[in-house]
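> I am sharing protein_13.txt, which consists of compact mmCIF, C-alpha atoms (C1' of nucleotides):
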# COMPACT_ATOMS: atom_id res chain seq x y z
CA MET A 298 -138.88 24.47 -165.63
CA VAL A 299 -141.64 26.93 -166.46
CA ARG A 300 -141.60 28.01 -170.08
CA ALA A 301 -141.20 31.65 -170.96
CA GLY A 302 -143.58 31.57 -173.90
CA LEU A 303 -141.15 32.86 -176.48
CA THR A 304 -142.24 33.21 -180.07
CA THR A 305 -140.51 34.78 -183.03
CA GLY A 306 -143.09 37.55 -183.11
CA ARG A 307 -142.78 38.37 -179.45
CA LEU A 308 -138.99 38.47 -179.72
CA VAL A 309 -139.12 40.75 -182.74
CA ARG A 310 -141.52 43.15 -181.05
CA ALA A 311 -139.36 43.23 -177.94
CA GLY A 312 -136.34 43.78 -180.17
CA ALA A 313 -138.07 46.74 -181.77
CA GLU A 314 -138.79 48.25 -178.36
CA LEU A 315 -135.20 47.69 -177.36
CA ALA A 316 -134.08 49.44 -180.52
CA ASP A 317 -136.19 52.48 -179.71
CA GLU A 318 -134.97 52.60 -176.15
CA ALA A 319 -131.29 51.90 -176.58
CA GLY A 320 -130.54 52.23 -180.28
CA PHE A 321 -130.66 49.72 -183.08
CA ASP A 322 -127.03 48.76 -182.64
CA GLN A 323 -127.73 47.77 -179.06
CA VAL A 324 -130.18 45.14 -180.25
CA THR A 325 -128.35 41.94 -179.41
CA LEU A 326 -129.50 38.43 -178.68
CA SER A 327 -127.92 38.78 -175.26
CA ALA A 328 -129.92 41.87 -174.40
CA LEU A 329 -133.07 40.22 -175.67
CA ALA A 330 -132.45 37.08 -173.62
CA ARG A 331 -131.90 39.24 -170.54
CA ARG A 332 -135.20 40.98 -171.18
CA PHE A 333 -137.05 37.67 -171.22
CA ASP A 334 -134.98 36.24 -168.38
CA VAL A 335 -133.92 33.37 -170.55
CA LYS A 336 -130.60 31.94 -171.72
CA VAL A 337 -129.22 33.22 -175.03
CA ALA A 338 -129.12 29.78 -176.62
CA SER A 339 -132.88 29.52 -176.20
CA LEU A 340 -133.42 32.28 -178.72
CA TYR A 341 -131.89 30.21 -181.48
CA SER A 342 -135.04 28.10 -181.55
CA HIS A 343 -136.95 31.14 -182.76
CA LEU A 344 -134.35 33.16 -184.67
CA ARG A 345 -131.68 31.89 -187.02
CA ASN A 346 -129.07 34.36 -185.78
CA SER A 347 -128.70 38.00 -184.90
CA HIS A 348 -128.89 39.11 -188.53
CA ASP A 349 -132.22 37.35 -188.72
CA LEU A 350 -133.44 39.30 -185.70
CA ARG A 351 -132.35 42.62 -187.15
CA SER A 352 -133.91 41.80 -190.52
CA ARG A 353 -137.21 40.96 -188.91
CA ILE A 354 -137.21 44.21 -186.96
CA ALA A 355 -136.52 46.00 -190.24
CA LEU A 356 -139.49 44.26 -191.86
CA LEU A 357 -141.71 45.19 -188.92
CA ALA A 358 -140.66 48.82 -189.17
CA LEU A 359 -141.29 48.92 -192.92
CA GLU A 360 -144.76 47.47 -192.35
CA GLU A 361 -145.58 50.04 -189.71
CA LEU A 362 -144.29 52.85 -191.87
CA ALA A 363 -146.28 51.64 -194.86
CA ASP A 364 -149.43 51.30 -192.76
CA ARG A 365 -149.10 54.80 -191.44
CA ALA A 366 -148.47 56.14 -194.91
CA ALA A 367 -151.54 54.36 -196.26
CA ASP A 368 -153.66 55.89 -193.50
CA ALA A 369 -152.20 59.33 -194.07
CA LEU A 370 -152.73 59.26 -197.82
CA ALA A 371 -156.34 58.11 -197.68
CA GLY A 372 -158.48 60.87 -199.12
CA ARG A 373 -155.62 63.24 -199.80
CA ALA A 374 -154.05 64.46 -203.01
CA GLY A 375 -151.60 67.05 -204.27
CA LYS A 376 -149.69 69.09 -201.75
CA ASP A 377 -151.90 67.81 -199.00
CA ALA A 378 -150.79 64.27 -199.75
CA LEU A 379 -147.16 65.31 -200.09
CA GLY A 380 -147.14 66.98 -196.70
CA ALA A 381 -148.91 64.10 -195.01
CA PHE A 382 -146.53 61.59 -196.55
CA ALA A 383 -143.54 63.62 -195.46
CA ASP A 384 -144.85 63.88 -191.92
CA VAL A 385 -145.33 60.15 -191.71
CA TYR A 386 -141.61 59.67 -192.23
CA ARG A 387 -140.55 62.34 -189.82
CA ASP A 388 -143.04 61.48 -187.10
CA TYR A 389 -142.23 57.81 -187.27
CA ALA A 390 -138.52 58.50 -187.01
CA ARG A 391 -139.07 60.76 -184.01
CA GLU A 392 -141.40 58.38 -182.24
CA HIS A 393 -139.41 55.27 -183.08
CA PRO A 394 -135.80 56.16 -183.77
CA GLY A 395 -134.56 52.61 -183.37
CA ARG A 396 -137.21 51.16 -185.64
CA TYR A 397 -136.54 53.88 -188.19
CA THR A 398 -132.87 52.97 -188.24
CA ALA A 399 -133.93 49.36 -188.58
CA ALA A 400 -136.05 50.23 -191.61
CA ARG A 401 -132.82 51.08 -193.42
CA TYR A 402 -131.07 47.88 -192.40
CA ARG A 403 -129.63 46.21 -195.47
CA LEU A 404 -131.90 43.31 -196.50
CA ASP A 405 -131.07 40.59 -198.99
CA PRO A 406 -132.66 41.49 -202.34
CA GLU A 407 -135.43 38.86 -202.23
CA THR A 408 -136.39 39.79 -198.68
CA ALA A 409 -136.48 43.44 -199.68
CA ALA A 410 -138.59 42.65 -202.74
CA ALA A 411 -141.15 40.93 -200.52
CA SER A 412 -141.15 43.68 -197.90
CA ALA A 413 -143.46 46.60 -197.28
CA GLY A 414 -140.75 48.75 -198.84
CA VAL A 415 -142.43 48.00 -202.14
CA ARG A 416 -145.71 49.40 -200.85
CA ILE A 417 -143.91 52.54 -199.74
CA ALA A 418 -142.40 52.98 -203.18
CA GLN A 419 -145.85 52.59 -204.72
CA MET A 420 -147.29 55.18 -202.40
CA THR A 421 -144.52 57.60 -203.28
CA ARG A 422 -145.56 57.25 -206.90
CA ALA A 423 -149.18 57.73 -205.85
CA VAL A 424 -148.28 61.02 -204.20
CA LEU A 425 -146.57 62.13 -207.38
CA ARG A 426 -149.67 61.36 -209.37
CA GLY A 427 -150.95 64.66 -208.08
CA TYR A 428 -148.28 66.37 -210.13
CA ASP A 429 -147.93 66.30 -213.85
CA LEU A 430 -144.81 64.22 -214.33
CA SER A 431 -144.16 61.64 -217.01
CA GLU A 432 -141.29 59.19 -217.13
CA PRO A 433 -138.41 59.44 -216.53
CA ASP A 434 -139.18 62.56 -214.50
CA GLN A 435 -141.46 60.68 -212.19
CA THR A 436 -138.69 58.27 -211.24
CA HIS A 437 -136.29 61.13 -210.68
CA ALA A 438 -138.88 62.72 -208.44
CA VAL A 439 -139.38 59.49 -206.49
CA ARG A 440 -135.67 59.46 -205.82
CA LEU A 441 -135.65 63.10 -204.86
CA LEU A 442 -138.43 62.66 -202.33
CA GLY A 443 -136.80 59.57 -200.89
CA SER A 444 -133.50 61.40 -200.56
CA VAL A 445 -134.94 64.49 -198.94
CA PHE A 446 -137.16 62.69 -196.45
CA HIS A 447 -134.56 60.15 -195.52
CA GLY A 448 -131.72 62.64 -195.48
CA TYR A 449 -133.56 65.19 -193.39
CA VAL A 450 -134.80 62.71 -190.84
CA ASP A 451 -131.36 61.18 -190.57
CA LEU A 452 -129.63 64.51 -190.01
CA GLU A 453 -132.30 65.61 -187.59
CA SER A 454 -132.03 62.45 -185.53
CA ALA A 455 -128.27 62.92 -185.44
CA GLY A 456 -128.96 66.21 -183.74
CA GLY A 457 -127.92 68.23 -186.74
CA PHE A 458 -130.65 70.84 -186.46
CA SER A 459 -131.13 71.16 -182.75
CA HIS A 460 -129.85 74.10 -180.74
CA SER A 461 -129.92 76.40 -183.73
CA ALA A 462 -132.48 78.77 -185.18
CA PRO A 463 -134.80 78.48 -187.00
CA ASP A 464 -136.28 75.41 -185.38
CA SER A 465 -136.48 72.15 -187.24
CA GLN A 466 -140.23 72.28 -187.76
CA ALA A 467 -139.92 75.55 -189.67
CA SER A 468 -137.32 74.09 -192.00
CA TRP A 469 -139.41 71.00 -192.52
CA THR A 470 -142.45 73.02 -193.53
CA TRP A 471 -140.31 75.21 -195.79
CA ILE A 472 -138.80 72.17 -197.47
CA VAL A 473 -142.16 70.52 -198.10
CA ASP A 474 -143.43 73.80 -199.57
CA ALA A 475 -140.34 74.00 -201.73
CA LEU A 476 -140.76 70.47 -203.01
CA ASP A 477 -144.38 71.15 -203.84
CA THR A 478 -143.44 74.27 -205.78
CA LEU A 479 -140.68 72.40 -207.52
CA LEU A 480 -142.89 69.54 -208.61
CA ARG A 481 -145.66 71.84 -209.80
CA THR A 482 -143.37 74.04 -211.88
CA ARG A 483 -141.83 71.18 -213.75
CA PRO A 484 -138.02 71.53 -213.40
CA THR A 485 -136.22 72.77 -216.48
CA PRO A 486 -132.79 71.35 -217.27
CA MET B 175 -88.58 42.48 -180.22
CA VAL B 176 -88.55 44.68 -183.31
CA ARG B 177 -90.99 47.57 -183.08
CA ALA B 178 -93.74 47.92 -185.59
CA GLY B 179 -93.59 51.69 -185.77
CA LEU B 180 -97.19 52.34 -184.86
CA THR B 181 -98.45 55.87 -184.59
CA THR B 182 -101.92 57.21 -184.10
CA GLY B 183 -101.89 58.67 -187.60
CA ARG B 184 -100.78 55.47 -189.25
CA LEU B 185 -103.44 53.52 -187.39
CA VAL B 186 -106.16 55.95 -188.35
CA ARG B 187 -105.17 55.89 -192.02
CA ALA B 188 -105.11 52.10 -191.99
CA GLY B 189 -108.48 52.13 -190.28
CA ALA B 190 -109.86 54.34 -193.03
CA GLU B 191 -108.58 51.93 -195.68
CA LEU B 192 -110.10 49.06 -193.77
CA ALA B 193 -113.41 50.92 -193.65
CA ASP B 194 -113.42 51.38 -197.41
CA GLU B 195 -112.52 47.76 -198.04
CA ALA B 196 -114.70 46.00 -195.52
CA GLY B 197 -117.21 48.55 -194.27
CA PHE B 198 -117.04 51.00 -191.39
CA ASP B 199 -118.63 48.56 -188.97
CA GLN B 200 -115.82 46.09 -189.64
CA VAL B 201 -113.30 48.57 -188.32
CA THR B 202 -112.22 46.93 -185.08
CA LEU B 203 -109.08 47.13 -183.04
CA SER B 204 -108.65 43.43 -183.61
CA ALA B 205 -108.69 43.79 -187.38
CA LEU B 206 -106.32 46.70 -187.18
CA ALA B 207 -103.89 44.79 -184.96
CA ARG B 208 -103.99 41.90 -187.40
CA ARG B 209 -103.18 44.27 -190.24
CA PHE B 210 -100.07 45.49 -188.43
CA ASP B 211 -99.19 42.04 -187.15
CA VAL B 212 -99.29 43.28 -183.61
CA LYS B 213 -101.21 42.36 -180.48
CA VAL B 214 -104.44 44.19 -179.80
CA ALA B 215 -103.34 45.58 -176.45
CA SER B 216 -100.51 47.40 -178.19
CA LEU B 217 -102.95 49.69 -179.90
CA TYR B 218 -104.08 51.13 -176.61
CA SER B 219 -100.84 53.10 -176.42
CA HIS B 220 -101.98 55.06 -179.47
CA LEU B 221 -105.76 55.04 -179.23
CA ARG B 222 -107.92 55.45 -176.17
CA ASN B 223 -110.42 52.84 -177.26
CA SER B 224 -112.36 51.75 -180.30
CA HIS B 225 -114.68 54.78 -180.19
CA ASP B 226 -111.57 56.94 -180.33
CA LEU B 227 -110.44 55.11 -183.47
CA ARG B 228 -113.80 55.55 -185.17
CA SER B 229 -113.98 59.22 -184.20
CA ARG B 230 -110.54 59.87 -185.65
CA ILE B 231 -111.50 58.16 -188.90
CA ALA B 232 -114.58 60.36 -188.98
CA LEU B 233 -112.45 63.46 -188.52
CA LEU B 234 -110.11 62.33 -191.29
CA ALA B 235 -113.04 61.79 -193.64
CA LEU B 236 -114.51 65.20 -192.84
CA GLU B 237 -111.14 66.82 -193.56
CA GLU B 238 -110.84 65.08 -196.89
CA LEU B 239 -114.37 65.97 -197.83
CA ALA B 240 -113.85 69.60 -196.88
CA ASP B 241 -110.57 69.76 -198.83
CA ARG B 242 -112.22 68.35 -201.92
CA ALA B 243 -115.10 70.77 -201.59
CA ALA B 244 -112.73 73.72 -201.22
CA ASP B 245 -110.92 72.65 -204.40
CA ALA B 246 -114.16 72.15 -206.27
CA LEU B 247 -115.63 75.50 -205.28
CA ALA B 248 -112.56 77.54 -206.17
CA GLY B 249 -113.50 79.87 -209.00
CA ARG B 250 -117.07 78.65 -209.29
CA ALA B 251 -120.37 80.29 -208.50
CA GLY B 252 -124.08 79.81 -208.99
CA LYS B 253 -125.29 76.58 -210.49
CA ASP B 254 -121.75 75.67 -211.42
CA ALA B 255 -120.75 75.74 -207.76
CA LEU B 256 -123.88 73.88 -206.71
CA GLY B 257 -123.19 71.06 -209.16
CA ALA B 258 -119.53 70.82 -208.21
CA PHE B 259 -120.36 70.77 -204.52
CA ALA B 260 -122.94 68.07 -205.05
CA ASP B 261 -120.51 65.96 -207.03
CA VAL B 262 -117.90 66.19 -204.31
CA TYR B 263 -120.27 64.46 -201.92
CA ARG B 264 -121.34 61.79 -204.34
CA ASP B 265 -117.89 61.07 -205.74
CA TYR B 266 -116.34 60.86 -202.31
CA ALA B 267 -119.02 58.46 -201.13
CA ARG B 268 -118.52 56.26 -204.19
CA GLU B 269 -114.74 56.25 -203.96
CA HIS B 270 -114.62 55.89 -200.19
CA PRO B 271 -117.82 54.32 -198.92
CA GLY B 272 -116.33 53.38 -195.55
CA ARG B 273 -114.90 56.83 -194.96
CA TYR B 274 -118.17 58.41 -196.03
CA THR B 275 -120.03 56.34 -193.48
CA ALA B 276 -117.41 57.37 -190.96
CA ALA B 277 -118.04 61.04 -191.76
CA ARG B 278 -121.50 60.60 -190.28
CA TYR B 279 -120.28 58.87 -187.14
CA ARG B 280 -121.73 60.58 -184.11
CA LEU B 281 -119.09 62.83 -182.54
CA ASP B 282 -119.24 64.47 -179.15
CA PRO B 283 -120.39 68.07 -179.57
CA GLU B 284 -117.01 69.69 -178.83
CA THR B 285 -115.19 67.34 -181.19
CA ALA B 286 -117.75 68.08 -183.87
CA ALA B 287 -117.42 71.81 -183.29
CA ALA B 288 -113.67 71.56 -183.87
CA SER B 289 -114.01 69.33 -186.94
CA ALA B 290 -113.91 70.09 -190.64
CA GLY B 291 -117.68 69.68 -190.55
CA VAL B 292 -117.78 73.37 -189.70
CA ARG B 293 -115.86 74.21 -192.89
CA ILE B 294 -118.30 72.13 -194.88
CA ALA B 295 -121.22 74.01 -193.40
CA GLN B 296 -119.55 77.31 -194.27
CA MET B 297 -118.99 76.17 -197.84
CA THR B 298 -122.62 75.18 -198.14
CA ARG B 299 -123.53 78.74 -197.22
CA ALA B 300 -120.96 79.99 -199.72
CA VAL B 301 -122.67 78.00 -202.47
CA LEU B 302 -125.98 79.55 -201.51
CA ARG B 303 -124.52 83.02 -201.77
CA GLY B 304 -124.98 82.57 -205.49
CA TYR B 305 -128.73 82.62 -204.91
CA ASP B 306 -130.74 85.42 -203.50
CA LEU B 307 -131.76 84.09 -200.12
CA SER B 308 -132.00 85.93 -196.86
CA GLU B 309 -132.47 84.46 -193.42
CA PRO B 310 -134.17 82.30 -192.39
CA ASP B 311 -134.52 80.98 -195.96
CA GLN B 312 -130.80 80.50 -196.27
CA THR B 313 -130.70 78.21 -193.26
CA HIS B 314 -133.66 76.25 -194.58
CA ALA B 315 -131.80 75.89 -197.86
CA VAL B 316 -128.64 74.72 -196.11
CA ARG B 317 -130.67 72.00 -194.48
CA LEU B 318 -132.36 71.10 -197.73
CA LEU B 319 -129.08 70.68 -199.54
CA GLY B 320 -127.59 68.66 -196.72
CA SER B 321 -130.63 66.41 -196.67
CA VAL B 322 -130.71 65.82 -200.40
CA PHE B 323 -127.00 65.16 -200.82
CA HIS B 324 -126.73 63.00 -197.79
CA GLY B 325 -129.98 61.19 -198.43
CA TYR B 326 -129.28 60.50 -202.07
CA VAL B 327 -125.78 59.26 -201.49
CA ASP B 328 -126.96 57.07 -198.64
CA LEU B 329 -129.76 55.49 -200.65
CA GLU B 330 -127.48 55.05 -203.65
CA SER B 331 -124.80 53.35 -201.60
CA ALA B 332 -127.44 51.05 -200.16
CA GLY B 333 -128.10 49.94 -203.71
CA GLY B 334 -131.43 51.71 -203.89
CA PHE B 335 -131.06 53.00 -207.42
CA SER B 336 -129.10 50.26 -209.12
CA HIS B 337 -130.67 47.77 -211.49
CA SER B 338 -133.44 50.14 -212.46
CA ALA B 339 -133.91 52.72 -215.19
CA PRO B 340 -133.12 55.57 -215.50
CA ASP B 341 -129.57 55.23 -214.24
CA SER B 342 -128.47 56.99 -211.12
CA GLN B 343 -126.37 59.60 -212.91
CA ALA B 344 -129.43 60.83 -214.78
CA SER B 345 -131.40 61.25 -211.58
CA TRP B 346 -128.49 63.01 -209.93
CA THR B 347 -128.22 65.54 -212.74
CA TRP B 348 -131.98 66.04 -212.73
CA ILE B 349 -132.00 66.63 -209.00
CA VAL B 350 -129.18 69.17 -209.11
CA ASP B 351 -131.01 70.98 -211.91
CA ALA B 352 -134.18 70.91 -209.88
CA LEU B 353 -132.48 72.32 -206.80
CA ASP B 354 -130.96 75.09 -208.87
CA THR B 355 -134.33 76.00 -210.32
CA LEU B 356 -135.87 75.86 -206.89
CA LEU B 357 -133.31 78.16 -205.30
CA ARG B 358 -133.46 80.64 -208.16
CA THR B 359 -137.24 80.89 -208.16
CA ARG B 360 -137.48 81.65 -204.48
CA PRO B 361 -139.93 79.13 -202.95
CA THR B 362 -143.36 80.49 -202.10
CA PRO B 363 -145.14 79.15 -199.01
C1' DC C 198 -151.41 7.11 -171.97
C1' DC C 199 -147.44 7.04 -174.28
C1' DA C 200 -144.62 8.82 -178.37
C1' DT C 201 -143.21 12.72 -180.52
C1' DT C 202 -142.34 17.37 -180.94
C1' DT C 203 -141.07 21.62 -178.99
C1' DG C 204 -138.90 24.79 -175.73
C1' DC C 205 -135.41 25.89 -172.91
C1' DC C 206 -131.23 24.38 -170.66
C1' DT C 207 -125.90 23.47 -169.85
C1' DA C 208 -121.53 23.33 -171.86
C1' DT C 209 -118.32 24.98 -174.93
C1' DA C 210 -115.69 27.60 -178.35
C1' DG C 211 -114.37 31.68 -180.68
C1' DG C 212 -114.24 36.82 -181.40
C1' DC C 213 -113.96 41.67 -179.75
C1' DT C 214 -112.79 45.23 -175.98
C1' DT C 215 -110.41 46.77 -172.18
C1' DT C 216 -107.21 46.94 -168.14
C1' DA C 217 -103.04 45.65 -165.45
C1' DG C 218 -98.54 44.88 -165.18
C1' DG C 219 -93.87 43.58 -167.28
C1' DA C 220 -89.75 43.66 -170.41
C1' DA C 221 -87.14 45.40 -174.12
C1' DA C 222 -86.07 49.21 -177.22
C1' DA C 223 -85.40 54.06 -177.91
C1' DT C 224 -84.25 58.49 -176.08
C1' DG C 225 -81.97 62.03 -173.65
C1' DC C 226 -79.16 64.08 -170.52
C1' DA C 227 -74.90 64.13 -167.65
C1' DT D 5 -70.43 57.10 -173.47
C1' DG D 6 -73.37 55.43 -169.83
C1' DC D 7 -77.31 55.26 -167.26
C1' DA D 8 -82.13 56.71 -166.12
C1' DT D 9 -86.37 57.53 -168.13
C1' DT D 10 -89.86 57.08 -171.37
C1' DT D 11 -92.08 54.65 -174.91
C1' DT D 12 -93.51 50.63 -177.25
C1' DC D 13 -95.08 46.36 -177.36
C1' DC D 14 -96.02 42.10 -174.84
C1' DT D 15 -98.58 38.40 -171.79
C1' DA D 16 -102.44 37.56 -168.90
C1' DA D 17 -107.00 37.89 -167.67
C1' DA D 18 -111.84 39.35 -167.34
C1' DG D 19 -116.20 40.65 -169.46
C1' DC D 20 -119.57 40.58 -173.07
C1' DC D 21 -121.28 38.91 -177.64
C1' DT D 22 -122.45 35.15 -181.19
C1' DA D 23 -123.07 30.46 -182.30
C1' DT D 24 -123.37 25.21 -182.08
C1' DA D 25 -124.10 20.63 -179.88
C1' DG D 26 -126.48 17.82 -177.14
C1' DG D 27 -129.88 16.87 -173.23
C1' DC D 28 -134.07 16.87 -170.33
C1' DA D 29 -138.67 18.27 -169.37
C1' DA D 30 -143.07 20.20 -170.82
C1' DA D 31 -146.65 20.30 -174.16
C1' DT D 32 -149.23 17.96 -177.74
C1' DG D 33 -151.82 14.59 -180.19
C1' DG D 34 -153.21 10.20 -181.72
In structure tokens, write the structure found in this file.

Amino acid sequence: MVRAGLTTGRLVRAGAELADEAGFDQVTLSALARRFDVKVASLYSHLRNSHDLRSRIALLALEELADRAADALAGRAGKDALGAFADVYRDYAREHPGRYTAARYRLDPETAAASAGVRIAQMTRAVLRGYDLSEPDQTHAVRLLGSVFHGYVDLESAGGFSHSAPDSQASWTWIVDALDTLLRTRPTP
Amino acid sequence: MVRAGLTTGRLVRAGAELADEAGFDQVTLSALARRFDVKVASLYSHLRNSHDLRSRIALLALEELADRAADALAGRAGKDALGAFADVYRDYAREHPGRYTAARYRLDPETAAASAGVRIAQMTRAVLRGYDLSEPDQTHAVRLLGSVFHGYVDLESAGGFSHSAPDSQASWTWIVDALDTLLRTRPTP
DNA sequence: CCATTTGCCTATAGGCTTTAGGAAAATGCA
DNA sequence: TGCATTTTCCTAAAGCCTATAGGCAAATGG
């Protein structure tokens, strides 16, 4: 009985690949076991259950997203930073649709609090530091950016903007420009 | 053998209620059969399969959303219309979280083209008629609004904005104000 | 080198989807 | 009204998924 060399990390990485290839909702312990040519029950030595697997993929995705964002923001400020940050979201979602879906998987509050999601929130605030916003406006702006980026990427991945002019890239650029303008010319209630 | 009086419509409405109570991903033929005290196989006389059920719930949700939007927009224009339209989304998602999730269920292209989603898109353009945008800006703006509304509501329903100041209503109002300002002062690339 | 831990297995049970085929209720037409 | 047809719901069964219990063999370490 030769061992397959399973580890939690290897399973999670394979799960992330599976998510990108087949969709996050196709990430099952059965599919994963098949991929490693192993019986399903064997996975339970490394993962508590299938929720555990999905959560870990979500954490991996958040880490990757945060790492990319950190890279992209290094040495940038103002609109430059805003655009780079926005592109990190969109590019990640396009390159890794399954992982991106995973990143929005509902985590228990403590898990979420210990996740890279916190880093992402901090970086969003860092981007906004290039604009002249004081509380509570800054928090409103954080929520606006989160909504736009997430919403756009979600609609785009659902095919909402394909097969219609103008192409998605043009809208994306326009929207980032618009957000920059908006944040510079402090919104007036 | 007394008949239960199943119809496709009744099943779909019950499925929508189930979605709101337990979550859209808990909408299964099994759960539905249980709710009608009927065997699962019986449902296949009224629904092709479980994807068919979910699609029909999605169509129902889109209809309801479009009807609400039509009501809300009647007699309104400009920022007034924008705010009312925005609130329709948010209120519907808060009152019917399962249905709202359903409204974003991936439909086959032809089904989507025949759905109330088309009406919603038209109404979005109607709202923008209150602003002075010509193509392709108008399309960009349609996509921006869709992204913000959808993204915000999604993050809010995921609990993203709860338990932190300022409260979600304040951010929502701020964001609608900001979008109005943005659309009035034509964005400059 | 042997005891312990670890990794993977078989067996089993329960839930969801889907199809096939059958019987009773409702319907409709002569 | 009576009988044929259609419709509705059923039982049975197969396939795939999650999850737990208990066992044997491989790795590890004193």
> Report the distance between CA of Gly375 in chain A and CA of Arg481 in chain A in Å, rounded to one decimal place.
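Distance between the two atoms: 9.4 Å.
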> For each of D:DA25, D:DA8, D:DA18, D:DC13, take the minimum atom-to-atom distance to chain A, counting only C-alpha atoms (C1' of nucleotides), then give the residue where this is smallest.
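That would be D:DA25, the residue with the smallest distance to chain A.
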> Please build the interface table for chain C against range 202-221 of chain B with a cut-off of 10 Å, listing for each qualifying residue the nearest atom pair and the distance in Å to one decimal; count only C-alpha atoms (C1' of nucleotides), order rows by chain and increasing number, and write it as a Markdown table.

| residue | atom | partner | partner_atom | distance |
| --- | --- | --- | --- | --- |
| C:DG212 | C1' | B:Ser204 | CA | 8.9 |
| C:DC213 | C1' | B:Ser204 | CA | 6.8 |
| C:DT214 | C1' | B:Leu203 | CA | 8.2 |
| C:DT215 | C1' | B:Ala215 | CA | 8.3 |
| C:DT216 | C1' | B:Ala215 | CA | 9.3 |
> Please tabulate, as a Markdown table, the residues of chain C that come within 9 Å of chain A, each with its closest pair of atoms and the distance in Å to one decimal, counting all atoms listed in the file and ordering rows by chain, then residue number upward.

| residue | atom | partner | partner_atom | distance |
| --- | --- | --- | --- | --- |
| C:DG204 | C1' | A:Arg300 | CA | 7.0 |
| C:DC205 | C1' | A:Ser339 | CA | 5.5 |
| C:DC206 | C1' | A:Lys336 | CA | 7.7 |
> For CA of Gln435 in chain A and CA of Asp451 in chain A, quote the distance in Å rounded to one decimal.
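Going from CA of Gln435 in chain A over to CA of Asp451 in chain A, I get 23.9 Å.
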> Work out how far apart CA of Arg230 in chain B and CA of Pro283 in chain B are and give it in Å to one decimal.
14.2 Å
> Sorted by chain and rising residue number, which residues of chain D lie within 9 Å of chain A, and what are their closest atom pairs and distances in Å to one decimal, counting only C-alpha atoms (C1' of nucleotides), as JSON lines?

{"residue": "D:DC20", "atom": "C1'", "partner": "A:Ser327", "partner_atom": "CA", "distance": 8.8}
{"residue": "D:DC21", "atom": "C1'", "partner": "A:Ser327", "partner_atom": "CA", "distance": 7.1}
{"residue": "D:DT22", "atom": "C1'", "partner": "A:Ser347", "partner_atom": "CA", "distance": 7.8}
{"residue": "D:DA23", "atom": "C1'", "partner": "A:Asn346", "partner_atom": "CA", "distance": 8.0}
{"residue": "D:DA29", "atom": "C1'", "partner": "A:Met298", "partner_atom": "CA", "distance": 7.2}
{"residue": "D:DA30", "atom": "C1'", "partner": "A:Met298", "partner_atom": "CA", "distance": 7.9}
> Find, counting all atoms listed in the file, the residue in B:Tyr305, B:Tyr279, B:Trp348, B:Phe198 that gets nearest to Leu441 in chain A.
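Distance minimum relative to Leu441 in chain A lands on B:Trp348.
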> Considering all atoms listed in the file, state which residue in the set A:Gln419, A:Thr482, A:Ser352, A:Ser444 is at the smallest distance from chain B.
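Nearest candidate to chain B out of A:Gln419, A:Thr482, A:Ser352, A:Ser444: A:Ser444.
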> Contacts from chain B to chain A, 9 Å maximum, all atoms listed in the file: show me the residue list as a PyMOL selection string.
chain B and resi 278+280+310-311+313-315+317-329+332+335+339-340+342+344-349+351-353+355-357+360-363
> Just want the 12 Å neighbourhood of DG225 in chain C, counted on only C-alpha atoms (C1' of nucleotides), with same-chain residues fewer than 6 positions away dropped. Output as a ChimeraX atom specification.
/D:6-10
> Which one of D:DA31, D:DG19, D:DT24, D:DC14 sits closest to DA221 in chain C if you count all atoms listed in the file?
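Between D:DA31, D:DG19, D:DT24, D:DC14, the residue approaching DA221 in chain C most closely is D:DC14.
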> Can you report as AutoDock Vina command-line options the centre and edge lengths in Å, to one decimal, of an axis-aligned box around the listed atoms of range 201-219 of chain C padded with 5 Å on each side?

--center_x -118.5 --center_y 29.8 --center_z -173.3 --size_x 59.3 --size_y 44.2 --size_z 26.2
> A:Tyr386, A:Val324, A:Arg307, A:Leu359: which is nearest Ala411 in chain A, counting all atoms listed in the file?
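Smallest distance to Ala411 in chain A is found for A:Leu359.
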